[in-house]
Amino acid sequence: MKRLLLFLLFISTLAISCKNKQKYLFEDNIIPKPSEVIVHHGELNVEDEIYIIINENCEGASKVKNYTMEFLSRSYKVDDVPEKQQNGTNIFLSIAGEGNPESYKLTISELGIEIVSPGYAGLFMGFQTLRHLFPPEIEGGKKLENVKLPYIEISDEPRFKYRGMHLDVCRHFFSVEDVKSYIDMLAMHKFNVLHWHLTDDQGWRIEIKAFPELTKISSMRKETVVKQNWGEYDGIPYGGYYTQDEIREIVKYAEDRFIMVIPEIEMPGHSLAALAAFPELGCTGGPYEVGTTWGVFDDVFCAGNDKTFEFLEQVIDEVCMLFPNSPFIHIGGDECPKTRWENCPKCQKRMQEEGLSDEHELQSYFIQRLEKYINSKGKRIIGWDEILEGGLAPDATVMSWRGTSGGIAAAQMGHDAILTPGEYCYFDHYQSLDKENEPLAIGGFTNCEKIYGWNPVPDSLTSEQAKHIIGVQANVWTEYIADFAHIQYMVLPRMAALSEVAWSKERDSSYSDFKKRLQAMYIRYENAGYNYARHEEE
Ligand code: ACM
Ligand code: ZN
């Protein structure tokens, strides 16, 4: 009897492991989890030659086609052809139907591979799913042979239209190649927004032709505080910026991957680097130095000086030109101490003239004045949730970072909101409680399980109000992240967990199911050459 039991146990273990292996290869490889997956009996042999057939000829179609061909050509011989080929494997990309332009249907059958979507973005998303069905070696661009794909039907669409990843390039600077690699990581996880934090106290990183001082002076700090030892400095000048050509190159690279780049130009706070070049725009007149430590600084743009607005409007003119396809400009708005304004005759005069009862209303005046200008350029503003204080600008989208209350308030007022609360979305936090064995982080604790269990739509909202929660975003502040391998470590695999929160409609909240699929993603990261955190590795 005991023997029989052992034998049965052996057989069932074998059955489970075979089943896992089979599942592991196919639909359970996909992160974020699609809405609907039907696996049929049978497999498609992928031939050595792949043909891409797209039923349209326009900019959107060529973006999808070029990306698809470039990606696959690392592992296969690939060609684009007008119609079905007898030899080789056909990938049909078709625009058809109506609905969410990011939705898609992916079918693999004896006829080949077909992705259908109402929009080019959907074809791109469908291809990302197909990519996850290929063996992970495809990530490293290895030549592939004898690949079999399951006969499968996947119908999928995103839960949120805004799925963002932020990158702070001010506290530490990252090269054009790094930013492109970051964009590739976004694409792999079906994120569609890069929020590019381009100006802050410790560095101004975007070339503005009207003000060459910004790149000459504001992009450089004389040294940097060592770790968290305030008062101890490394004595090494540090800087960097993107030329306008480089900005255009990155924006195009992102657009080719259906990712919108939203630039952030911080105001009225976090502006010390700009003040270092233009001290007349600060309340005291300076002198100022580009920040060498982290935190919040009292010196901010003077709200009483019309020159401040003239300066920012000229900056915005060039920013609008460099980001023609982003409907948004992020104007910061966070962490602006009111100390200088309280003691500045110009700021106080402005408050009197405008009938503003306190400095919070002065901040609101500042943001609304810039909003009006940005609206006149055909764009809208996003601001951190402090822009609610003193009165919200009429058309602003609120990015809720101090918890979700800012997002809730905005949605209740009929404004759109993006949720990026510190507890779940700050990827500069530690991801393990064993902090001693982690690279230095800003603090906190945000691991995959916590992110995965987060429901971003607050229960307190009515269904109408909930529609104003347009999406979620993770933020990567780089005070303690000096190189790109470290960025990768901080976002992988947390990005995978957030991608399911952002994308997956029919998310069953089983973390163990996600964790199982994450194992396959780890192999993908490995093959892509990414540096990733392994806390969830089994
Ligand atoms: C922020 O973290 N200061 C938006
Ligand atoms: Zn002032």
# chains A, B, ... in the order shown; residues from 1 in each chain; ligands from 1
call {"tool": "select_by_dssp", "arguments": {"residues": "range 241-468 of chain A", "states": "alpha helix (DSSP H)", "output": "PyMOL selection string"}}
result
chain A and resi 244-255+272-277+306-322+339-342+345-354+359-376+405-412+422-425+448-452+463-466
call {"tool": "residues_near_ligand", "arguments": {"ligand": "ligand 2", "cutoff": "8 Å", "atoms": "only C-alpha atoms and all ligand atoms", "output": "number ranges by chain"}}
result
A: 282-284, 301-305, 340-341, 343-348
call {"tool": "write_last_selection", "arguments": {"atoms": "all heavy atoms", "output": "short mmCIF file (atom, residue, chain, number, x, y, z; two decimals), in the first residue's frame"}}
result
data_model
loop_
_atom_site.label_atom_id
_atom_site.label_comp_id
_atom_site.auth_asym_id
_atom_site.auth_seq_id
_atom_site.Cartn_x
_atom_site.Cartn_y
_atom_site.Cartn_z
N GLY A 282 15.07 84.82 -8.61
CA GLY A 282 14.79 84.39 -7.24
C GLY A 282 14.41 85.60 -6.39
O GLY A 282 14.71 86.75 -6.75
N CYS A 283 13.75 85.37 -5.27
CA CYS A 283 13.26 86.49 -4.45
C CYS A 283 14.38 87.33 -3.85
O CYS A 283 14.27 88.54 -3.74
CB CYS A 283 12.38 85.94 -3.32
SG CYS A 283 10.83 85.25 -3.92
N THR A 284 15.51 86.70 -3.47
CA THR A 284 16.58 87.45 -2.82
C THR A 284 17.60 87.98 -3.81
O THR A 284 18.42 88.82 -3.46
CB THR A 284 17.35 86.56 -1.81
OG1 THR A 284 18.02 85.51 -2.58
CG2 THR A 284 16.43 85.92 -0.79
N PHE A 301 11.50 80.09 -7.67
CA PHE A 301 11.22 81.21 -8.57
C PHE A 301 10.36 82.26 -7.85
O PHE A 301 9.41 81.92 -7.14
CB PHE A 301 10.43 80.73 -9.80
CG PHE A 301 11.26 80.01 -10.83
CD1 PHE A 301 10.93 78.72 -11.22
CD2 PHE A 301 12.36 80.64 -11.44
CE1 PHE A 301 11.67 78.05 -12.19
CE2 PHE A 301 13.10 79.97 -12.41
CZ PHE A 301 12.77 78.67 -12.78
N CYS A 302 10.71 83.54 -8.07
CA CYS A 302 9.93 84.64 -7.49
C CYS A 302 8.61 84.77 -8.27
O CYS A 302 8.60 84.90 -9.49
CB CYS A 302 10.72 85.94 -7.57
SG CYS A 302 9.78 87.36 -6.99
N ALA A 303 7.52 84.73 -7.51
CA ALA A 303 6.19 84.78 -8.16
C ALA A 303 5.74 86.22 -8.40
O ALA A 303 4.71 86.46 -9.04
CB ALA A 303 5.18 84.04 -7.30
N GLY A 304 6.52 87.16 -7.86
CA GLY A 304 6.12 88.57 -8.02
C GLY A 304 6.83 89.24 -9.18
O GLY A 304 6.53 90.39 -9.51
N ASN A 305 7.77 88.54 -9.78
CA ASN A 305 8.60 89.14 -10.83
C ASN A 305 8.11 88.68 -12.21
O ASN A 305 8.15 87.49 -12.52
CB ASN A 305 10.05 88.67 -10.60
CG ASN A 305 11.04 89.34 -11.54
OD1 ASN A 305 10.64 90.01 -12.50
ND2 ASN A 305 12.32 89.16 -11.27
N ARG A 340 10.49 82.22 1.17
CA ARG A 340 11.00 83.40 0.47
C ARG A 340 9.86 84.32 0.05
O ARG A 340 9.98 85.54 0.13
CB ARG A 340 11.79 82.97 -0.78
CG ARG A 340 13.06 82.21 -0.47
CD ARG A 340 14.16 83.12 0.11
NE ARG A 340 15.37 82.36 0.36
CZ ARG A 340 15.73 81.86 1.55
NH1 ARG A 340 14.98 82.09 2.62
NH2 ARG A 340 16.83 81.17 1.68
N TRP A 341 8.78 83.75 -0.39
CA TRP A 341 7.64 84.56 -0.85
C TRP A 341 7.07 85.41 0.30
O TRP A 341 6.67 86.54 0.10
CB TRP A 341 6.52 83.66 -1.40
CG TRP A 341 6.86 82.96 -2.70
CD1 TRP A 341 8.02 83.09 -3.42
CD2 TRP A 341 6.05 82.04 -3.43
NE1 TRP A 341 7.97 82.29 -4.54
CE2 TRP A 341 6.76 81.64 -4.57
CE3 TRP A 341 4.77 81.52 -3.22
CZ2 TRP A 341 6.25 80.74 -5.52
CZ3 TRP A 341 4.25 80.62 -4.16
CH2 TRP A 341 4.99 80.23 -5.29
N ASN A 343 8.62 86.77 2.59
CA ASN A 343 9.48 87.91 2.91
C ASN A 343 9.89 88.72 1.69
O ASN A 343 10.82 89.53 1.77
CB ASN A 343 10.74 87.40 3.63
CG ASN A 343 10.37 86.74 4.94
OD1 ASN A 343 9.84 87.38 5.83
ND2 ASN A 343 10.58 85.43 5.03
N CYS A 344 9.25 88.51 0.56
CA CYS A 344 9.67 89.17 -0.67
C CYS A 344 8.68 90.29 -1.02
O CYS A 344 7.48 90.03 -1.20
CB CYS A 344 9.74 88.15 -1.80
SG CYS A 344 9.92 88.88 -3.44
N PRO A 345 9.17 91.53 -1.10
CA PRO A 345 8.24 92.64 -1.42
C PRO A 345 7.50 92.42 -2.74
O PRO A 345 6.32 92.72 -2.84
CB PRO A 345 9.17 93.86 -1.51
CG PRO A 345 10.47 93.46 -0.91
CD PRO A 345 10.56 91.97 -0.91
N LYS A 346 8.19 91.86 -3.74
CA LYS A 346 7.53 91.66 -5.04
C LYS A 346 6.39 90.65 -4.93
O LYS A 346 5.32 90.83 -5.49
CB LYS A 346 8.55 91.16 -6.08
CG LYS A 346 9.49 92.23 -6.59
CD LYS A 346 10.27 91.69 -7.79
CE LYS A 346 11.44 92.58 -8.10
NZ LYS A 346 12.70 91.91 -8.18
N CYS A 347 6.68 89.55 -4.23
CA CYS A 347 5.66 88.51 -4.07
C CYS A 347 4.47 89.05 -3.27
O CYS A 347 3.31 88.79 -3.61
CB CYS A 347 6.23 87.28 -3.39
SG CYS A 347 7.29 86.30 -4.48
N GLN A 348 4.77 89.83 -2.22
CA GLN A 348 3.69 90.37 -1.39
C GLN A 348 2.86 91.37 -2.18
O GLN A 348 1.63 91.42 -2.06
CB GLN A 348 4.28 91.02 -0.12
CG GLN A 348 4.90 90.00 0.85
CD GLN A 348 3.90 88.93 1.31
OE1 GLN A 348 2.78 89.23 1.71
NE2 GLN A 348 4.29 87.66 1.22
#
call {"tool": "residues_near_ligand", "arguments": {"ligand": "ligand 1", "cutoff": "7 Å", "atoms": "only C-alpha atoms and all ligand atoms", "output": "list in words"}}
result
Asp334, Glu335, Trp384 and Trp401 of chain A
call {"tool": "write_last_selection", "arguments": {"atoms": "N, CA, C and O atoms", "output": "compact mmCIF listing (two decimals), in the first residue's frame"}}
result
# COMPACT_ATOMS: atom_id res chain seq x y z
N ASP A 334 5.42 70.59 -7.02
CA ASP A 334 5.56 69.97 -5.69
C ASP A 334 6.59 70.71 -4.83
O ASP A 334 7.46 71.42 -5.34
N GLU A 335 6.47 70.50 -3.54
CA GLU A 335 7.49 70.88 -2.56
C GLU A 335 8.04 72.28 -2.79
O GLU A 335 9.25 72.45 -2.95
N TRP A 384 2.11 67.79 -9.82
CA TRP A 384 2.05 66.98 -8.60
C TRP A 384 0.91 67.50 -7.72
O TRP A 384 0.46 68.65 -7.89
N TRP A 401 0.88 61.86 -5.50
CA TRP A 401 2.06 61.14 -5.00
C TRP A 401 2.07 61.02 -3.49
O TRP A 401 2.62 60.08 -2.94
call {"tool": "select_by_dssp", "arguments": {"residues": "range 194-351 of chain A", "states": "strand (DSSP E or B)", "output": "ChimeraX atom specification"}}
result
/A:194-197,199-200,203-204,206,220-221,225-226,229-233,238-239,242,260-267,282,301,328-332
call {"tool": "closest_residue", "arguments": {"among": "A:Ala61, A:Lys161, A:Asn45, A:Met351", "to": "Pro101 in chain A", "atoms": "only C-alpha atoms"}}
result
A:Lys161
call {"tool": "atom_distance", "arguments": {"atom1": "CA of Ala411 in chain A", "atom2": "CA of Gly390 in chain A"}}
result
17.0 Å
call {"tool": "atom_distance", "arguments": {"atom1": "CA of Asp48 in chain A", "atom2": "CA of Lys142 in chain A"}}
result
12.8 Å
call {"tool": "closest_residue", "arguments": {"among": "A:Thr339, A:Asn87, A:Gln465, A:Ser94", "to": "Lys65 in chain A", "atoms": "only C-alpha atoms"}}
result
A:Ser94
call {"tool": "closest_residue", "arguments": {"among": "A:Val81, A:Ile236, A:Leu123, A:Ile259", "to": "Val64 in chain A", "atoms": "only C-alpha atoms"}}
result
A:Leu123
call {"tool": "residues_around", "arguments": {"residues": "range 163-172 of chain A", "least_positions_apart": "2", "cutoff": "7 Å", "atoms": "only C-alpha atoms", "output": "PyMOL selection string"}}
result
chain A and resi 160-161+174+191-200+202-205+471-479+481-482+502
call {"tool": "residues_around", "arguments": {"residues": "range 317-321 of chain A", "least_positions_apart": "3", "cutoff": "8 Å", "atoms": "only C-alpha atoms", "output": "number ranges by chain"}}
result
A: 208-209, 263, 313-314, 324, 329, 377
call {"tool": "closest_residue", "arguments": {"among": "A:Glu59, A:Glu438, A:Glu246, A:Glu536", "to": "Ser175 in chain A", "atoms": "only C-alpha atoms"}}
result
A:Glu246
call {"tool": "atom_distance", "arguments": {"atom1": "CA of Asn229 in chain A", "atom2": "CA of Ser271 in chain A"}}
result
23.1 Å
